[in-house]
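Peer 1: First the structure, which I've put down as structure tokens, then a few questions once you've had a look.
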Amino acid sequence: QNDGCRTLSLSAHVGFDSLPDQLVRKSIKHGFCFNVLCIGETGIGKSALMSSLFNTNFEDSPSTHFLSSVRLRVQTCELQESNVLLKLTIVKTVGFGDQMNKADSYQPIVDYIDAQFEAYLEEELKVIRSLFSYHDTRIHVCLYFISPTGRSLKTIDLLTMRSLDSKVNIIPIIGKADSISKTELQEFKKKIMSELISNGIQIYQFPTDDETVSEINTITNGHLPFAVVGSMEKVKIGNKMVRARQYPWGIVKVENESHCDTVKLRRMLCTNMEDLREKTRAYYELYRRCRLEKLSCRDTGPENKPVSLQEVIEAKRLEFFLEMERKEEEIKQRFVQRVNEKAAMLEAAEQQASMPVLTKFDRLTLMHQEEELKLGEKKKLLEDEIAEFIEKKAITELIQSQVSVSTPVVSLK
């Protein structure tokens, strides 16, 4: 009523109640996609769990412990159950936690998640786009494998989950849970949840607003984190072949809920798969909003008036053109200044090269006259010194002659 719509009653059947059936048929024909990110140390059982969850054998080569950085291995396959087609993408970390410096081990994972958001955003912003047939690679759920130490979370676990909780749905699971006792396992679960809450890390909570799954999801939320065991080896128990891990002390059945939570995890993923996809769209919307705000895209103007995307693009284009004109003018002025400086230098060089010969001769004559004056002064000084020397010589000779006359001569016989 607030939107101006009236609620009317039909007098006969029209047929638009078949719309849900049409959507179901269209969705089944097109198929679904689901992307899982597995984070955990090497040898924690990521590949075995994936094979156990989807009841198939994903061929995967073993990874090494000697990688210099964390890498991501992507594997996409198509699964069909009844008439429903699922395009499953599994992304697993390789070398996570094997480096000496683990400070930036989570950065390649964050970059990968952002890259998938960016790829989807680029597809949305294309002029000719095909989102219906586009292979959506955005991560829908992150299964974070925790080592069954029985003590507490590692620093790398806290840093990684804190950097990812605003980008992806995180479900913490304890890998190889059959390596610790049930009592230790329950205490370990409590410690993990307590540390997650105290560090402000948000993990995925199964929704309880839907009446059909509210009760089971409420119970399942109390089992977090899941303690899982994965295995594709079949062991004969009685007359049946079941997936299990056989030890000298007994057998751990993968499909037995009293032994591990692998079945609970599978059931919850399948039951809440659409909710995980919906939450991923919410994370993408947050990323999209931040990216568009960095590009100065706004829904409202300075006076809180609505602004269309076309107006924003035109304003940015005008701002870009003005900036380009300003830079172009600066470049032109700088170019003209340099041309003028070069022209002045060339003109001075030409003037110096084209100087008349007479001018050069006059300059040389002037220099010669100055040298003559200097030599004349030196000659005069030398002549004065010679005259003074001759005068002193004459006086000396006169004195010597007078001395010789006044001295008596003694004759000797």
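Each chain in the structure tokens gets a letter, A, B and so on, in the order shown; residues start at 1 in every chain, and ligands are counted from 1 in the order they appear.
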Can you check which parts of range 62-163 of chain A lie within 8 Å of range 29-45 of chain A? Per residue, the shortest pair of atoms and distance in Å to one decimal, counting only C-alpha atoms, sorted by chain and number, as JSON lines.
Peer 2:
```
{"residue": "A:Ser63", "atom": "CA", "partner": "A:Thr42", "partner_atom": "CA", "distance": 7.1}
{"residue": "A:Thr64", "atom": "CA", "partner": "A:Thr42", "partner_atom": "CA", "distance": 7.7}
{"residue": "A:His65", "atom": "CA", "partner": "A:Thr42", "partner_atom": "CA", "distance": 6.9}
{"residue": "A:Val84", "atom": "CA", "partner": "A:Gly31", "partner_atom": "CA", "distance": 6.5}
{"residue": "A:Leu85", "atom": "CA", "partner": "A:Gly31", "partner_atom": "CA", "distance": 4.8}
{"residue": "A:Leu86", "atom": "CA", "partner": "A:Phe32", "partner_atom": "CA", "distance": 4.9}
{"residue": "A:Lys87", "atom": "CA", "partner": "A:Cys33", "partner_atom": "CA", "distance": 4.6}
{"residue": "A:Leu88", "atom": "CA", "partner": "A:Phe34", "partner_atom": "CA", "distance": 5.1}
{"residue": "A:Thr89", "atom": "CA", "partner": "A:Asn35", "partner_atom": "CA", "distance": 4.6}
{"residue": "A:Ile90", "atom": "CA", "partner": "A:Val36", "partner_atom": "CA", "distance": 5.0}
{"residue": "A:Val91", "atom": "CA", "partner": "A:Leu37", "partner_atom": "CA", "distance": 4.7}
{"residue": "A:Lys92", "atom": "CA", "partner": "A:Cys38", "partner_atom": "CA", "distance": 4.8}
{"residue": "A:Thr93", "atom": "CA", "partner": "A:Ile39", "partner_atom": "CA", "distance": 5.5}
{"residue": "A:Val94", "atom": "CA", "partner": "A:Thr42", "partner_atom": "CA", "distance": 6.7}
{"residue": "A:Gly95", "atom": "CA", "partner": "A:Thr42", "partner_atom": "CA", "distance": 6.0}
{"residue": "A:Phe96", "atom": "CA", "partner": "A:Glu41", "partner_atom": "CA", "distance": 5.1}
{"residue": "A:Gly97", "atom": "CA", "partner": "A:Glu41", "partner_atom": "CA", "distance": 5.6}
{"residue": "A:Asp98", "atom": "CA", "partner": "A:Glu41", "partner_atom": "CA", "distance": 7.4}
{"residue": "A:His135", "atom": "CA", "partner": "A:Cys33", "partner_atom": "CA", "distance": 7.8}
{"residue": "A:Asp136", "atom": "CA", "partner": "A:Cys33", "partner_atom": "CA", "distance": 7.1}
{"residue": "A:Thr137", "atom": "CA", "partner": "A:Asn35", "partner_atom": "CA", "distance": 6.6}
{"residue": "A:Arg138", "atom": "CA", "partner": "A:Asn35", "partner_atom": "CA", "distance": 6.8}
{"residue": "A:Ile139", "atom": "CA", "partner": "A:Asn35", "partner_atom": "CA", "distance": 5.1}
{"residue": "A:His140", "atom": "CA", "partner": "A:Asn35", "partner_atom": "CA", "distance": 5.4}
{"residue": "A:Val141", "atom": "CA", "partner": "A:Val36", "partner_atom": "CA", "distance": 5.2}
{"residue": "A:Cys142", "atom": "CA", "partner": "A:Leu37", "partner_atom": "CA", "distance": 4.6}
{"residue": "A:Leu143", "atom": "CA", "partner": "A:Cys38", "partner_atom": "CA", "distance": 4.9}
{"residue": "A:Tyr144", "atom": "CA", "partner": "A:Ile39", "partner_atom": "CA", "distance": 4.9}
{"residue": "A:Phe145", "atom": "CA", "partner": "A:Gly40", "partner_atom": "CA", "distance": 4.8}
{"residue": "A:Ile146", "atom": "CA", "partner": "A:Gly40", "partner_atom": "CA", "distance": 6.8}
{"residue": "A:Ser147", "atom": "CA", "partner": "A:Ile44", "partner_atom": "CA", "distance": 7.0}
```
Peer 1: Find the residues around Thr160 in chain A up to 9 Å (only C-alpha atoms counted), leave out those fewer than 3 positions away in its own chain, and share them as a list of chain:residue names.
Peer 2: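 So the residues in contact are A:Ser105, A:Tyr106, A:Gln107, A:Ile109, A:Val110, A:Thr155, A:Ile156, A:Asp157, A:Ser163, A:Leu164, A:Asp165.
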Peer 1: Select, from A:Glu372, A:Glu123, A:Asp261, A:Glu195, the residue with the minimum atom-to-atom distance to Asp178 in chain A, counting only C-alpha atoms.
Peer 2: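 Between A:Glu372, A:Glu123, A:Asp261, A:Glu195, the residue approaching Asp178 in chain A most closely is A:Asp261.
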Peer 1: Step one, run DSSP on the backbone; step two, keep only residues of range 81-175 of chain A assigned to strand (DSSP E); then write them as an MDAnalysis selection string.
Peer 2: chainID A and resid 81 84:94 141:146 170:174
Peer 1: Can you check which residues of range 60-190 of chain A DSSP gives as alpha helix (DSSP H) on the backbone and send them as number ranges by chain?
Peer 2: A: 107-124, 155-164, 182-190
Peer 1: Which residues come within 8 Å of range 219-230 of chain A, counting only C-alpha atoms, excluding same-chain residues fewer than 4 positions away, as an mmCIF file with N, CA, C and O atoms, in the first residue's frame?
Peer 2:
```cif
data_model
loop_
_atom_site.group_PDB
_atom_site.id
_atom_site.type_symbol
_atom_site.label_atom_id
_atom_site.label_comp_id
_atom_site.auth_asym_id
_atom_site.auth_seq_id
_atom_site.Cartn_x
_atom_site.Cartn_y
_atom_site.Cartn_z
ATOM 1 N N GLY A 45 45.117 -33.328 5.135
ATOM 2 C CA GLY A 45 44.007 -34.142 4.654
ATOM 3 C C GLY A 45 42.988 -33.392 3.829
ATOM 4 O O GLY A 45 41.807 -33.773 3.812
ATOM 5 N N ALA A 48 41.840 -35.652 0.727
ATOM 6 C CA ALA A 48 41.060 -36.803 1.175
ATOM 7 C C ALA A 48 39.668 -36.384 1.624
ATOM 8 O O ALA A 48 38.677 -37.088 1.356
ATOM 9 N N LEU A 49 39.553 -35.236 2.283
ATOM 10 C CA LEU A 49 38.236 -34.784 2.725
ATOM 11 C C LEU A 49 37.350 -34.413 1.546
ATOM 12 O O LEU A 49 36.160 -34.735 1.525
ATOM 13 N N MET A 50 37.923 -33.728 0.541
ATOM 14 C CA MET A 50 37.131 -33.359 -0.626
ATOM 15 C C MET A 50 36.605 -34.601 -1.339
ATOM 16 O O MET A 50 35.449 -34.646 -1.777
ATOM 17 N N SER A 51 37.433 -35.596 -1.465
ATOM 18 C CA SER A 51 36.985 -36.836 -2.096
ATOM 19 C C SER A 51 35.897 -37.509 -1.276
ATOM 20 O O SER A 51 34.937 -38.072 -1.824
ATOM 21 N N SER A 52 36.003 -37.432 0.065
ATOM 22 C CA SER A 52 34.994 -38.054 0.926
ATOM 23 C C SER A 52 33.682 -37.281 0.897
ATOM 24 O O SER A 52 32.601 -37.868 0.939
ATOM 25 N N ILE A 171 34.316 -21.783 7.528
ATOM 26 C CA ILE A 171 33.860 -22.888 8.366
ATOM 27 C C ILE A 171 35.111 -23.570 8.921
ATOM 28 O O ILE A 171 35.847 -24.227 8.179
ATOM 29 N N PRO A 172 35.394 -23.425 10.199
ATOM 30 C CA PRO A 172 36.587 -24.081 10.759
ATOM 31 C C PRO A 172 36.345 -25.568 10.968
ATOM 32 O O PRO A 172 35.283 -25.989 11.430
ATOM 33 N N ILE A 173 37.330 -26.360 10.603
ATOM 34 C CA ILE A 173 37.234 -27.805 10.789
ATOM 35 C C ILE A 173 38.568 -28.304 11.334
ATOM 36 O O ILE A 173 39.623 -27.719 11.064
ATOM 37 N N ILE A 174 38.499 -29.354 12.090
ATOM 38 C CA ILE A 174 39.690 -29.980 12.661
ATOM 39 C C ILE A 174 40.051 -31.170 11.782
ATOM 40 O O ILE A 174 39.296 -32.137 11.691
ATOM 41 N N GLY A 175 41.191 -31.066 11.111
ATOM 42 C CA GLY A 175 41.609 -32.140 10.224
ATOM 43 C C GLY A 175 42.230 -33.301 10.986
ATOM 44 O O GLY A 175 42.831 -33.128 12.055
ATOM 45 N N LYS A 176 42.062 -34.509 10.420
ATOM 46 C CA LYS A 176 42.599 -35.727 11.037
ATOM 47 C C LYS A 176 42.213 -35.815 12.516
ATOM 48 O O LYS A 176 43.053 -35.996 13.410
ATOM 49 N N ALA A 177 40.914 -35.680 12.749
ATOM 50 C CA ALA A 177 40.424 -35.653 14.131
ATOM 51 C C ALA A 177 40.546 -36.995 14.830
ATOM 52 O O ALA A 177 40.330 -37.086 16.043
ATOM 53 N N ASP A 178 40.878 -38.050 14.089
ATOM 54 C CA ASP A 178 41.027 -39.356 14.720
ATOM 55 C C ASP A 178 42.374 -39.512 15.433
ATOM 56 O O ASP A 178 42.657 -40.566 16.009
ATOM 57 N N LEU A 185 39.145 -33.899 22.142
ATOM 58 C CA LEU A 185 38.528 -33.238 21.002
ATOM 59 C C LEU A 185 37.469 -32.231 21.449
ATOM 60 O O LEU A 185 37.402 -31.109 20.924
ATOM 61 N N LYS A 189 37.616 -28.201 20.840
ATOM 62 C CA LYS A 189 36.563 -27.426 20.177
ATOM 63 C C LYS A 189 36.188 -26.201 20.999
ATOM 64 O O LYS A 189 36.025 -25.088 20.465
ATOM 65 N N ILE A 192 38.891 -23.580 20.708
ATOM 66 C CA ILE A 192 38.895 -22.927 19.394
ATOM 67 C C ILE A 192 37.800 -21.867 19.325
ATOM 68 O O ILE A 192 38.041 -20.712 18.919
ATOM 69 N N MET A 193 36.586 -22.209 19.724
ATOM 70 C CA MET A 193 35.489 -21.250 19.669
ATOM 71 C C MET A 193 35.739 -20.077 20.604
ATOM 72 O O MET A 193 35.426 -18.915 20.281
ATOM 73 N N GLN A 205 27.807 -18.962 10.334
ATOM 74 C CA GLN A 205 26.804 -19.606 11.166
ATOM 75 C C GLN A 205 25.664 -20.072 10.264
ATOM 76 O O GLN A 205 25.133 -19.291 9.465
ATOM 77 N N PHE A 206 25.300 -21.326 10.385
ATOM 78 C CA PHE A 206 24.220 -21.848 9.566
ATOM 79 C C PHE A 206 22.914 -21.137 9.917
ATOM 80 O O PHE A 206 22.603 -20.954 11.097
ATOM 81 N N GLU A 215 15.821 -26.033 13.058
ATOM 82 C CA GLU A 215 16.175 -26.908 14.178
ATOM 83 C C GLU A 215 17.505 -27.604 13.948
ATOM 84 O O GLU A 215 18.384 -27.609 14.831
ATOM 85 N N VAL A 254 34.339 -43.234 8.091
ATOM 86 C CA VAL A 254 34.132 -41.862 7.636
ATOM 87 C C VAL A 254 32.655 -41.505 7.643
ATOM 88 O O VAL A 254 32.278 -40.370 7.965
ATOM 89 N N CYS A 260 33.152 -39.297 13.479
ATOM 90 C CA CYS A 260 33.627 -37.995 13.015
ATOM 91 C C CYS A 260 32.438 -37.197 12.488
ATOM 92 O O CYS A 260 31.314 -37.694 12.420
ATOM 93 N N ASP A 261 32.684 -35.943 12.100
ATOM 94 C CA ASP A 261 31.635 -35.026 11.643
ATOM 95 C C ASP A 261 31.647 -34.836 10.135
ATOM 96 O O ASP A 261 31.114 -33.840 9.626
ATOM 97 N N THR A 262 32.237 -35.774 9.402
ATOM 98 C CA THR A 262 32.310 -35.610 7.952
ATOM 99 C C THR A 262 30.923 -35.613 7.321
ATOM 100 O O THR A 262 30.628 -34.799 6.433
ATOM 101 N N LYS A 264 28.110 -34.769 8.814
ATOM 102 C CA LYS A 264 27.457 -33.510 9.212
ATOM 103 C C LYS A 264 27.899 -32.367 8.299
ATOM 104 O O LYS A 264 27.074 -31.552 7.854
ATOM 105 N N LEU A 265 29.183 -32.299 8.022
ATOM 106 C CA LEU A 265 29.690 -31.243 7.151
ATOM 107 C C LEU A 265 29.105 -31.348 5.756
ATOM 108 O O LEU A 265 28.679 -30.340 5.169
ATOM 109 N N MET A 268 25.414 -30.290 5.854
ATOM 110 C CA MET A 268 25.246 -28.856 6.035
ATOM 111 C C MET A 268 25.615 -28.081 4.777
ATOM 112 O O MET A 268 24.983 -27.081 4.442
#
```
Peer 1: Using only C-alpha atoms, find the one residue out of A:Ile390, A:Cys5, A:Ala315, A:Tyr287 that sits nearest to Ala119 in chain A.
Peer 2: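 Among A:Ile390, A:Cys5, A:Ala315, A:Tyr287, it is A:Tyr287 that comes nearest to Ala119 in chain A.
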Peer 1: Please determine, counting only C-alpha atoms, which residue among A:Glu233, A:Glu377, A:Glu81, A:Glu278 has the shortest atom-to-atom distance to Asn57 in chain A.
Peer 2: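 Of the candidates, the smallest distance to Asn57 in chain A is held by A:Glu233.
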Peer 1: Set the distance at 9 Å and use only C-alpha atoms: which residues neighbour Asn199 in chain A once local chain neighbours fewer than 3 positions away are removed? I'd like the list as an MDAnalysis selection string.
Peer 2: chainID A and resid 158 162 194:196
Peer 1: Please, what distance in Å, to one decimal, runs between CA of Leu153 in chain A and CA of Ser69 in chain A?
Peer 2: 21.5 Å
